[in-house]
$ cat entry.txt   # compact mmCIF, C-alpha atoms
# COMPACT_ATOMS: atom_id res chain seq x y z
CA MET A 1 17.73 -11.42 -13.04
CA LYS A 2 14.04 -10.56 -12.80
CA ILE A 3 12.21 -8.64 -10.10
CA LEU A 4 8.71 -9.65 -9.08
CA PHE A 5 6.73 -6.91 -7.32
CA SER A 6 3.71 -8.30 -5.51
CA ASP A 7 0.86 -6.53 -3.80
CA LEU A 8 -0.25 -8.10 -0.52
CA ASP A 9 -4.00 -7.97 0.17
CA GLY A 10 -5.96 -9.72 -2.54
CA THR A 11 -2.79 -10.77 -4.36
CA LEU A 12 -0.10 -12.54 -2.33
CA LEU A 13 -2.35 -12.88 0.71
CA THR A 14 -5.45 -15.05 0.75
CA ASP A 15 -8.73 -13.58 1.92
CA ASP A 16 -7.89 -14.75 5.46
CA LYS A 17 -4.50 -12.96 5.25
CA ARG A 18 -2.14 -15.94 4.75
CA ILE A 19 0.52 -16.76 2.18
CA LEU A 20 -0.18 -20.20 0.75
CA ASP A 21 2.49 -22.89 0.90
CA VAL A 22 2.40 -23.22 -2.89
CA ASP A 23 3.16 -19.50 -3.26
CA MET A 24 5.94 -19.59 -0.65
CA ALA A 25 7.54 -22.59 -2.37
CA ALA A 26 7.48 -20.79 -5.73
CA ILE A 27 8.99 -17.66 -4.17
CA GLU A 28 11.79 -19.71 -2.64
CA ARG A 29 12.52 -21.32 -6.01
CA MET A 30 12.78 -17.94 -7.76
CA LEU A 31 15.01 -16.55 -5.00
CA ASN A 32 17.27 -19.59 -5.20
CA ALA A 33 17.53 -19.02 -8.95
CA GLY A 34 18.87 -15.49 -8.35
CA HIS A 35 15.74 -13.42 -8.90
CA LYS A 36 14.29 -10.78 -6.55
CA PHE A 37 10.92 -10.63 -4.82
CA LEU A 38 9.47 -7.42 -3.33
CA MET A 39 6.34 -6.90 -1.29
CA THR A 40 4.69 -3.74 -2.65
CA THR A 41 1.74 -2.62 -0.59
CA GLY A 42 -0.48 0.23 0.43
CA ARG A 43 -0.13 -0.96 4.01
CA PRO A 44 1.90 1.13 6.45
CA LEU A 45 5.44 -0.03 7.14
CA ALA A 46 4.64 -1.37 10.61
CA SER A 47 2.03 -3.76 9.21
CA ALA A 48 4.18 -4.80 6.22
CA ARG A 49 7.13 -5.47 8.54
CA GLN A 50 5.06 -7.85 10.63
CA LEU A 51 4.15 -9.91 7.57
CA ALA A 52 7.73 -9.84 6.29
CA GLN A 53 8.99 -11.10 9.63
CA LYS A 54 6.36 -13.83 9.83
CA TYR A 55 7.34 -15.24 6.43
CA GLY A 56 11.10 -14.78 6.63
CA PHE A 57 11.53 -11.72 4.41
CA LEU A 58 12.79 -9.39 7.13
CA LYS A 59 16.48 -9.91 6.36
CA SER A 60 19.34 -8.63 4.24
CA GLY A 61 18.58 -8.45 0.52
CA PHE A 62 14.88 -7.72 0.96
CA PHE A 63 13.02 -4.44 0.66
CA LEU A 64 9.47 -3.37 1.47
CA VAL A 65 7.65 -0.86 -0.72
CA SER A 66 5.02 0.41 1.73
CA PHE A 67 2.41 3.20 1.79
CA ASN A 68 1.91 2.69 -2.00
CA GLY A 69 5.51 3.72 -2.63
CA GLY A 70 5.61 6.49 -0.03
CA LEU A 71 8.21 4.65 2.04
CA ILE A 72 10.74 2.05 0.85
CA TYR A 73 12.49 0.12 3.60
CA ASP A 74 15.71 -1.90 3.55
CA CYS A 75 15.01 -5.00 5.65
CA GLY A 76 18.72 -5.71 6.09
CA THR A 77 19.86 -2.32 7.37
CA GLU A 78 16.47 -1.49 8.91
CA GLU A 79 16.62 1.92 7.24
CA ARG A 80 14.34 3.90 4.97
CA ILE A 81 15.90 4.41 1.56
CA LEU A 82 13.07 6.58 0.24
CA THR A 83 10.36 8.60 2.00
CA ARG A 84 7.79 10.85 0.34
CA THR A 85 5.51 12.90 2.57
CA ILE A 86 2.72 15.47 2.49
CA SER A 87 2.31 18.56 4.64
CA VAL A 88 0.50 18.42 7.95
CA SER A 89 -1.82 21.18 6.73
CA ASP A 90 -2.83 19.08 3.71
CA ALA A 91 -3.46 16.07 5.93
CA LYS A 92 -5.58 18.18 8.29
CA PHE A 93 -7.58 19.63 5.38
CA ILE A 94 -8.45 16.20 3.98
CA MET A 95 -9.30 14.79 7.40
CA ASP A 96 -11.56 17.74 8.22
CA GLU A 97 -13.38 17.48 4.89
CA ALA A 98 -13.81 13.72 5.35
CA HIS A 99 -15.13 14.04 8.91
CA ARG A 100 -17.52 16.78 7.82
CA ARG A 101 -19.14 14.27 5.44
CA GLY A 102 -19.39 11.48 8.00
CA PHE A 103 -16.35 9.52 6.77
CA HIS A 104 -13.53 8.19 8.89
CA ALA A 105 -10.03 9.58 8.21
CA HIS A 106 -6.60 8.85 9.66
CA THR A 107 -2.91 9.33 9.06
CA TYR A 108 0.25 7.81 10.60
CA LEU A 109 3.04 8.80 12.98
CA GLY A 110 5.75 6.22 13.52
CA ASP A 111 4.02 2.88 14.17
CA LEU A 112 0.76 4.51 15.25
CA VAL A 113 -2.43 5.26 13.35
CA ILE A 114 -3.50 8.83 14.17
CA SER A 115 -7.10 10.03 14.05
CA GLU A 116 -9.14 12.84 15.55
CA TYR A 117 -12.14 10.57 16.07
CA GLU A 118 -12.52 7.05 17.42
CA THR A 119 -14.76 5.29 14.90
CA GLU A 120 -15.70 1.73 14.11
CA GLN A 121 -13.74 2.07 10.86
CA LEU A 122 -10.63 3.03 12.85
CA LYS A 123 -11.00 0.02 15.16
CA THR A 124 -11.57 -2.38 12.27
CA TYR A 125 -8.65 -1.02 10.25
CA CYS A 126 -6.22 -1.26 13.17
CA ARG A 127 -7.37 -4.76 14.00
CA LEU A 128 -6.74 -5.87 10.41
CA MET A 129 -3.35 -4.10 10.27
CA ASN A 130 -2.46 -5.29 13.79
CA MET A 131 -1.53 -1.71 14.75
CA ASP A 132 -2.29 0.57 17.68
CA TYR A 133 -4.04 3.90 17.27
CA LEU A 134 -4.00 7.26 19.01
CA VAL A 135 -6.95 9.65 19.05
CA VAL A 136 -5.87 13.30 19.23
CA ASP A 137 -7.67 16.64 19.42
CA ASP A 138 -5.73 18.17 16.52
CA VAL A 139 -3.45 16.24 14.17
CA ARG A 140 -1.35 19.36 13.61
CA LYS A 141 -0.42 19.64 17.30
CA CYS A 142 0.33 15.91 17.36
CA PHE A 143 2.99 16.28 14.68
CA GLU A 144 4.32 19.55 16.10
CA GLN A 145 4.86 17.94 19.51
CA SER A 146 6.42 14.78 18.13
CA ASN A 147 10.14 14.30 18.80
CA SER A 148 10.58 12.42 15.50
CA ARG A 149 9.94 15.51 13.34
CA GLU A 150 8.09 13.27 10.88
CA SER A 151 5.56 14.46 8.34
CA PRO A 152 2.47 12.50 7.27
CA ILE A 153 3.04 9.99 4.48
CA LYS A 154 -0.61 9.62 3.53
CA VAL A 155 -4.20 10.03 4.68
CA ASN A 156 -6.75 7.22 4.47
CA VAL A 157 -10.43 8.06 4.12
CA ILE A 158 -12.88 5.22 4.80
CA THR A 159 -16.59 5.46 4.11
CA PRO A 160 -19.30 3.68 6.12
CA LEU A 161 -21.51 4.23 3.07
CA ASP A 162 -21.18 2.90 -0.49
CA HIS A 163 -18.37 3.37 -3.01
CA SER A 164 -20.18 6.16 -4.84
CA SER A 165 -19.92 8.41 -1.78
CA LEU A 166 -16.11 8.29 -2.03
CA LEU A 167 -16.17 8.80 -5.78
CA GLU A 168 -18.07 12.04 -5.19
CA PHE A 169 -15.67 12.99 -2.40
CA ARG A 170 -12.66 12.44 -4.65
CA GLU A 171 -14.11 14.69 -7.33
CA GLU A 172 -14.74 17.42 -4.76
CA MET A 173 -11.25 17.11 -3.30
CA ARG A 174 -9.60 17.28 -6.71
CA LYS A 175 -10.80 20.87 -7.06
CA THR A 176 -8.16 21.63 -4.42
CA THR A 177 -5.73 18.70 -4.50
CA GLN A 178 -5.28 18.00 -8.23
CA GLY A 179 -1.65 18.55 -9.21
CA LYS A 180 -0.76 18.68 -5.52
CA LEU A 181 -1.63 15.26 -4.11
CA PHE A 182 -2.06 11.76 -5.53
CA ASP A 183 -5.35 9.98 -4.77
CA VAL A 184 -6.19 6.34 -5.30
CA PHE A 185 -8.57 3.62 -4.13
CA SER A 186 -6.91 0.70 -2.35
CA LYS A 187 -10.35 -0.81 -1.73
CA PRO A 188 -13.80 0.36 -2.85
CA GLU A 189 -14.42 1.75 0.64
CA MET A 190 -10.95 3.28 1.13
CA LEU A 191 -9.55 6.35 -0.65
CA GLU A 192 -5.95 7.39 -0.01
CA PHE A 193 -4.22 10.76 -0.46
CA SER A 194 -0.43 11.00 -0.64
CA ASN A 195 2.57 12.70 -2.25
CA LEU A 196 2.25 13.12 -6.02
CA LYS A 197 5.09 10.60 -6.53
CA SER A 198 3.83 8.13 -3.92
CA ASN A 199 2.51 5.41 -6.15
CA LYS A 200 3.53 1.84 -6.79
CA GLY A 201 4.65 2.61 -10.32
CA ASP A 202 7.31 4.99 -9.06
CA GLY A 203 8.25 2.31 -6.54
CA VAL A 204 8.83 -0.14 -9.38
CA ARG A 205 10.96 2.32 -11.32
CA PHE A 206 12.98 3.30 -8.24
CA MET A 207 13.77 -0.29 -7.24
CA ALA A 208 14.54 -1.39 -10.81
CA GLU A 209 17.10 1.41 -11.03
CA TYR A 210 18.38 0.56 -7.55
CA TYR A 211 19.06 -3.03 -8.64
CA GLY A 212 20.25 -2.01 -12.10
CA VAL A 213 17.56 -4.14 -13.74
CA PRO A 214 15.81 -2.89 -16.92
CA LEU A 215 12.06 -2.43 -16.62
CA CYS A 216 11.54 -5.11 -19.25
CA ASP A 217 12.77 -7.62 -16.63
CA THR A 218 10.23 -6.54 -14.00
CA ILE A 219 6.86 -8.12 -13.25
CA ALA A 220 4.16 -6.51 -11.10
CA CYS A 221 1.09 -8.29 -9.71
CA GLY A 222 -1.95 -6.66 -8.14
CA ASP A 223 -5.70 -6.58 -7.80
CA GLU A 224 -6.92 -3.03 -7.11
CA GLU A 225 -6.81 0.51 -8.51
CA ASN A 226 -3.76 1.40 -6.38
CA ASP A 227 -1.87 -1.41 -8.18
CA CYS A 228 -2.53 0.05 -11.63
CA PRO A 229 0.53 2.35 -11.66
CA MET A 230 2.91 -0.57 -11.05
CA ILE A 231 1.03 -2.93 -13.38
CA SER A 232 1.47 -0.30 -16.10
CA ALA A 233 5.10 0.53 -15.19
CA ALA A 234 6.46 -3.02 -15.10
CA GLY A 235 7.72 -4.92 -18.11
CA LEU A 236 4.90 -7.38 -17.49
CA GLY A 237 1.80 -6.21 -15.66
CA VAL A 238 -0.34 -8.90 -14.06
CA ALA A 239 -3.83 -8.71 -12.56
CA MET A 240 -5.13 -11.49 -10.39
CA ALA A 241 -8.20 -13.48 -11.44
CA ASN A 242 -10.03 -11.83 -8.51
CA ALA A 243 -8.85 -8.32 -9.47
CA SER A 244 -11.02 -5.28 -10.01
CA GLU A 245 -11.88 -4.29 -13.57
CA ALA A 246 -9.57 -1.29 -13.19
CA ALA A 247 -6.59 -3.56 -12.50
CA LYS A 248 -7.50 -6.02 -15.26
CA SER A 249 -7.92 -3.24 -17.81
CA CYS A 250 -4.26 -2.14 -17.51
CA ALA A 251 -2.73 -5.63 -17.23
CA ASP A 252 -0.84 -7.61 -19.86
CA TYR A 253 -1.93 -10.88 -18.27
CA VAL A 254 -4.74 -12.00 -15.96
CA THR A 255 -4.05 -15.09 -13.88
CA GLN A 256 -6.22 -18.17 -14.10
CA ARG A 257 -5.85 -18.77 -10.35
CA ASP A 258 -6.96 -16.21 -7.80
CA ASN A 259 -5.27 -15.13 -4.58
CA ASN A 260 -6.81 -18.07 -2.70
CA HIS A 261 -5.50 -20.69 -5.13
CA GLY A 262 -1.85 -19.92 -5.89
CA GLY A 263 -2.06 -17.04 -8.36
CA ILE A 264 1.43 -15.83 -7.49
CA ALA A 265 2.86 -19.32 -7.98
CA GLU A 266 1.23 -19.34 -11.42
CA VAL A 267 3.01 -16.10 -12.34
CA ILE A 268 6.36 -17.32 -11.05
CA GLU A 269 6.12 -20.66 -12.85
CA LYS A 270 4.96 -19.09 -16.12
CA PHE A 271 7.06 -15.90 -16.33
CA VAL A 272 10.01 -16.13 -13.93
CA LEU A 273 11.09 -19.77 -13.90
$ encode --input "entry.txt" --output "structure tokens"
Amino acid sequence: MKILFSDLDGTLLTDDKRILDVDMAAIERMLNAGHKFLMTTGRPLASARQLAQKYGFLKSGFFLVSFNGGLIYDCGTEERILTRTISVSDAKFIMDEAHRRGFHAHTYLGDLVISEYETEQLKTYCRLMNMDYLVVDDVRKCFEQSNSRESPIKVNVITPLDHSSLLEFREEMRKTTQGKLFDVFSKPEMLEFSNLKSNKGDGVRFMAEYYGVPLCDTIACGDEENDCPMISAAGLGVAMANASEAAKSCADYVTQRDNNHGGIAEVIEKFVL
């Protein structure tokens, strides 16, 4: 048995956020042959669940690795089997520093996106994720008053400027967060901060052990910097033809087809079937 871990945006999903018929057909063939397929995404669980339901993956035997490995969800039992969080004070610190520099920042509580400011970046993000948002005066009070007793899983920082502005921000933040929080780009304009072990590579290792499958029988496909940990962790690391140079540099194989032309089907046909 092999496990294929696939990122969503820019990998399994086309640019207009669909899964191609050719990719779905290949996935069905590998599942029928006894292999496993896992969506592994930086998206929050609520957004990943919607896609899983739309394409028939929200059922027993399927798992979602969401929040870049911060939350792993059993689609059959509808339960979290792994959650890694950060403190509310850390989330507040990052959000304050981001806002001070003119960036947008948000975190999550349940199925809601939580921010202290209503920005165009917030509206665009929630429209793309198909999620609702809540604007609060103080994120700390929001979590304190919540009945769920949840802690933040990650903070997203989105710049209205160019990529270099976030590179500088990351270097500044690392003076405080290095060795305490994990940071990664999921897109050039989006920098994410999470638990030190919240990365897709740890998600690959956790699920391989869960299934009892050696890492040499795992394949991971992605296109951005946040996919690099799982591309490196898997037995075979794959970057899409449309991937960033960061993703390609740590991959064992780069697809000939991109995410809009059946790149996942190429991987399945070449390395799984």
$ closest_residue --input "entry.txt" --among "A:His99, A:Lys17, A:His163, A:Arg257" --to "A:Leu51" --atoms "only C-alpha atoms"
A:Lys17
$ residues_around --input "entry.txt" --residues "A:Gly70" --least-positions-apart "6" --cutoff "7 Å" --atoms "only C-alpha atoms" --output "ChimeraX atom specification"
/A:83-85,153,198-199
$ write_last_selection --input "entry.txt" --atoms "C-alpha atoms" --output "short mmCIF file (atom, residue, chain, number, x, y, z; two decimals), in the frame of the given file"
data_model
loop_
_atom_site.label_atom_id
_atom_site.label_comp_id
_atom_site.auth_asym_id
_atom_site.auth_seq_id
_atom_site.Cartn_x
_atom_site.Cartn_y
_atom_site.Cartn_z
CA THR A 83 10.36 8.60 2.00
CA ARG A 84 7.79 10.85 0.34
CA THR A 85 5.51 12.90 2.57
CA ILE A 153 3.04 9.99 4.48
CA SER A 198 3.83 8.13 -3.92
CA ASN A 199 2.51 5.41 -6.15
#
$ closest_residue --input "entry.txt" --among "A:Cys142, A:Met95, A:Ala265, A:Val135" --to "A:Ser6" --atoms "all atoms listed in the file"
A:Ala265
$ axis_aligned_box --input "entry.txt" --around "stretch 41-50 of chain A" --padding-each-side "6 Å" --output "JSON"
{"center_x": 3.3, "center_y": -3.4, "center_z": 5.0, "size_x": 19.6, "size_y": 21.0, "size_z": 23.2}
$ residues_around --input "entry.txt" --residues "A:Ser232" --least-positions-apart "5" --cutoff "8 Å" --atoms "all atoms listed in the file" --output "PyMOL selection string"
chain A and resi 201+237+250-251
$ residues_around --input "entry.txt" --residues "A:Pro160" --least-positions-apart "4" --cutoff "12 Å" --atoms "all atoms listed in the file" --output "list in words"
Ala98, His99, Arg101, Gly102, Phe103, His104, Ala105, Thr119, Glu120, Gln121, Leu122, Thr124, Ser164, Ser165, Leu166, Pro188, Glu189 and Met190 of chain A
$ write_last_selection --input "entry.txt" --atoms "C-alpha atoms" --output "CSV table (one decimal), keeping the file's coordinate frame"
chain,number,residue,atom,x,y,z
A,98,ALA,CA,-13.8,13.7,5.4
A,99,HIS,CA,-15.1,14.0,8.9
A,101,ARG,CA,-19.1,14.3,5.4
A,102,GLY,CA,-19.4,11.5,8.0
A,103,PHE,CA,-16.4,9.5,6.8
A,104,HIS,CA,-13.5,8.2,8.9
A,105,ALA,CA,-10.0,9.6,8.2
A,119,THR,CA,-14.8,5.3,14.9
A,120,GLU,CA,-15.7,1.7,14.1
A,121,GLN,CA,-13.7,2.1,10.9
A,122,LEU,CA,-10.6,3.0,12.8
A,124,THR,CA,-11.6,-2.4,12.3
A,164,SER,CA,-20.2,6.2,-4.8
A,165,SER,CA,-19.9,8.4,-1.8
A,166,LEU,CA,-16.1,8.3,-2.0
A,188,PRO,CA,-13.8,0.4,-2.8
A,189,GLU,CA,-14.4,1.8,0.6
A,190,MET,CA,-11.0,3.3,1.1
$ residues_around --input "entry.txt" --residues "A:Glu245" --least-positions-apart "4" --cutoff "12 Å" --atoms "only C-alpha atoms" --output "list in words"
Pro188, Gly222, Asp223, Glu224, Glu225, Asp227, Cys228, Ala239, Met240, Ala241, Ser249, Cys250, Ala251 and Val254 of chain A
$ atom_distance --input "entry.txt" --atom1 "atom CA of A:Phe57" --atom2 "atom CA of A:Leu31"
11.1 Å
$ closest_residue --input "entry.txt" --among "A:Thr218, A:Thr77, A:Thr14, A:Asn156" --to "A:Lys92" --atoms "only C-alpha atoms"
A:Asn156
$ residues_around --input "entry.txt" --residues "A:Lys54" --least-positions-apart "4" --cutoff "12 Å" --atoms "all atoms listed in the file" --output "number ranges by chain"
A: 17-19, 24, 47-50, 58-59
$ closest_residue --input "entry.txt" --among "A:Leu273, A:Met207, A:Val22, A:Leu109" --to "A:Ile81" --atoms "all atoms listed in the file"
A:Met207
$ closest_residue --input "entry.txt" --among "A:Lys123, A:Gly110, A:Ile94, A:Val136" --to "A:Arg170" --atoms "all atoms listed in the file"
A:Ile94
$ closest_residue --input "entry.txt" --among "A:Phe143, A:Tyr133, A:Tyr125, A:Tyr211" --to "A:Gly61" --atoms "only C-alpha atoms"
A:Tyr211
$ atom_distance --input "entry.txt" --atom1 "atom CA of A:Cys221" --atom2 "atom CA of A:Arg174"
27.9 Å
